[in-house]
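*Asks:* Below is one structure. I have some questions about it.
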Amino acid sequence: MTLPGANDRPVGLVENEFASVSVRIDGDGNSARLRVEDLRTGEARFLDPLQLEALVHLVDERLDQLLDPSADRWRHDS
Amino acid sequence: MTAVLDDLIHPDKVHGSLYTDQAIFADELRKIWYTTWVFVGHESEVPQANDYVRKRLGLQDVVMTRDKDGEVHLLLNRCAHRGNQVCDDDKGNSGSFRCPYHGWTYRNTGELLGYPYNQGYGGKNKLELGMGKVPRVASYQGFVFGSFAAEGPSLIEHLGAAAGEIDRLVGLSPEGRVGLSAGWLQHKTKANWKLLAENETDGYHPQFVHGSIFGVTGSPIGALYSDSSTAVTRNLGNGHSENDLRPEFRKFDEPMRWFGTTADRVPDYVAAMRETHGEDAERRMIEGAPHVMIFPNLFIAEIQVFNIQPVAVGECIQYATAVQLAGGGELNKRMISQSIGSVGPAGMLLADDTEMYERNQRGVETLTPEWLDVRRGLHREQVDENGFTIGTATDETGMRGFWAHYKTLMEA
């Protein structure tokens with residue numbers, strides 16, 4: 001888990017009935033990055049600008065693959 | 001059922017058991033609600049990609065979604081795994097839905113995207129399952145209808161002449177669009193759904209049932225529903241009917257009288273209409289909005305729209321919302337306030353109707369007399385220039401049209 005840094009700025013809460021995620025812009029590194037936290041588990045990760053840019057350009061099929069519960073979070077060897 | 005219906009439905013009377021019999025209600029679900037086109041919602045309720053709203057279609061819990069490409073879908077709110085309810089919120093925005101029971105995840109088109117620990121099924125993409133879908137979905141002027149029949153008449157064929165009444169409503173928008181985004185009031189009503197459908201174009205009751213609101217507001221509408229009125233009740237076919245008040249409004253020749261106001265009280269709206277529609281704007285603003293019942297459950301009552309859905313043989317829900325005209329300016333706010341005053345929680349119009357519906361239901365549950373009379377005006381019906389049967393403003397022409405179509409569907 002990554003904890004909120006001293007220099008982060010809250011962006012807001014993004015949630016619906018299926019997920020609840022808090023988004024902050026973290027300023028503890030040498031340049032800004034996004035801190036995204038799954039509020040239902042407390043798990044969080046940083047996403048740097050290049051990773052975010054990659055998300056923007058993901059083709060829909062790749063995004064669908066990420067949404068498969070078995071792809072990462074609930075895979076058979078986890 | 002044919003022989004039974006012949007006994008129960010006559011040109012001038014219908015049997016009380018049609019409103020109370022559990023077996024008939026079960027048959028209606030199968031032959032009407034899960035066969036013909038049923039109004040579900042409006043495209044303006046899911047304006048953005050991946051918006052969704054929960055709806056009802058008969059007894060079915062339906063999720064109306066707009067996918068990433070803009071197409072509207074009607075999904076049945078049930079997981080393909082163990083039948084759990086998938087969506088719980090009334091509305092939201094999500095490109096995918098995850099069942100809270102075992103995590104099965106669906107695209108908002110109903111397609112199964114995956115399931116946890118997929119080795120239990122031999123790997124990923126091994127199941128040809130998905131959320132159920134209403135087989136046919138179509139919209140007209142943004143009004144979304146669903147049909148559980150994979151084949152049958154198109155929506156346009158079902159709407160027939162009633163489509164022109166929806167056009168009339170949309171024609172009151174300076175931008176040629178209406179929205180139903182003001183939120184839906186939900187009125188639980190302990191009455192059979194048909195009592196409501198029949199009442200919506202019954203011009204015989206307003207002077208009695210709605211005398212209080214007409215008196216309090218000084219509304220001129222009450223007088224339009226009298227034997228001296230030139231307004232007509234029209235059987236539009238396919239079970240649809242209308243109270244056509246235009247002949248009265250044309251006599252007065254006053255823009256916005258239909259709304260109970262004058263042109264100078266809504267100057268921005270009137271200017272926008274004249275800008276868009278030119279000389280035809282005056283006709284539109286004089287003739288006003290339709291009062292039309294579209295079989296089996298969409299009632300457009302000038303400034304508001306009702307979505308009627310059955311719950312049980314003796315219970316239904318009336319969903320009501322104010323019409324919002326694109327580019328309607330100050331008129332939209334007035335439409336909301338008038339709707340609150342008429343069909344809101346403390347509204348003075350729907351409360352009166354609902355009192356009658358529930359008293360009507362209690363009445364038809366008594367054993368005698370067994371029949372409900374629908375003969376009013378039968379002897380003076382005429383055929384108009386377009387071939388539609390019409391009666392006077394207070395005649396039961398609309399009800400007779402409703403029952404004729406009902407019988408056709410139930411005998412199919």
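Going through the structure tokens in order, the chains are called A, B, and so on, while each chain numbers its residues from 1 and the ligands are numbered from 1 in the order shown.
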Give me every alpha helix (DSSP H) residue in chain A, going by DSSP on the backbone, as a PyMOL selection string.

*Replies:* chain A and resi 49-57+60-67

*Asks:* What residues in chain B have any atom no more than 10 Å from chain A when counting only C-alpha atoms, and can you write them as an MDAnalysis selection string?

*Replies:* chainID B and resid 68 86:100 102:107 112:120 123:125

*Asks:* Which residues are close to Asn243 (chain B), i.e. within 7 Å by only C-alpha atoms, leaving aside same-chain residues fewer than 2 positions away? Reply as an mmCIF file with C-alpha atoms, in the first residue's frame.

*Replies:*
```cif
data_model
loop_
_atom_site.group_PDB
_atom_site.id
_atom_site.type_symbol
_atom_site.label_atom_id
_atom_site.label_comp_id
_atom_site.auth_asym_id
_atom_site.auth_seq_id
_atom_site.Cartn_x
_atom_site.Cartn_y
_atom_site.Cartn_z
ATOM 1 C CA THR B 201 -58.713 9.936 -22.259
ATOM 2 C CA VAL B 232 -63.330 15.364 -29.614
ATOM 3 C CA THR B 233 -62.285 11.994 -28.258
ATOM 4 C CA ARG B 234 -60.529 10.045 -30.992
ATOM 5 C CA LEU B 245 -58.714 19.867 -27.617
ATOM 6 C CA HIS B 291 -53.406 14.536 -24.596
ATOM 7 C CA VAL B 292 -52.814 11.016 -25.811
ATOM 8 C CA ALA B 393 -65.286 15.394 -25.529
#
```

*Asks:* Excluding Thr354 (chain B) and its own-chain neighbours fewer than 2 positions away, which residues fall within 10 Å of it when counting only C-alpha atoms? Please give them as JSON, numbers by chain.

*Replies:* {"B": [187, 188, 189, 190, 191, 196, 318, 349, 350, 351, 352, 356, 357, 358, 359, 360]}

*Asks:* How many Å separate CA of Val343 (chain B) from CA of Thr366 (chain B)?

*Replies:*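 Answer for the CA of Val343 (chain B) to CA of Thr366 (chain B) separation: 29.2 Å.
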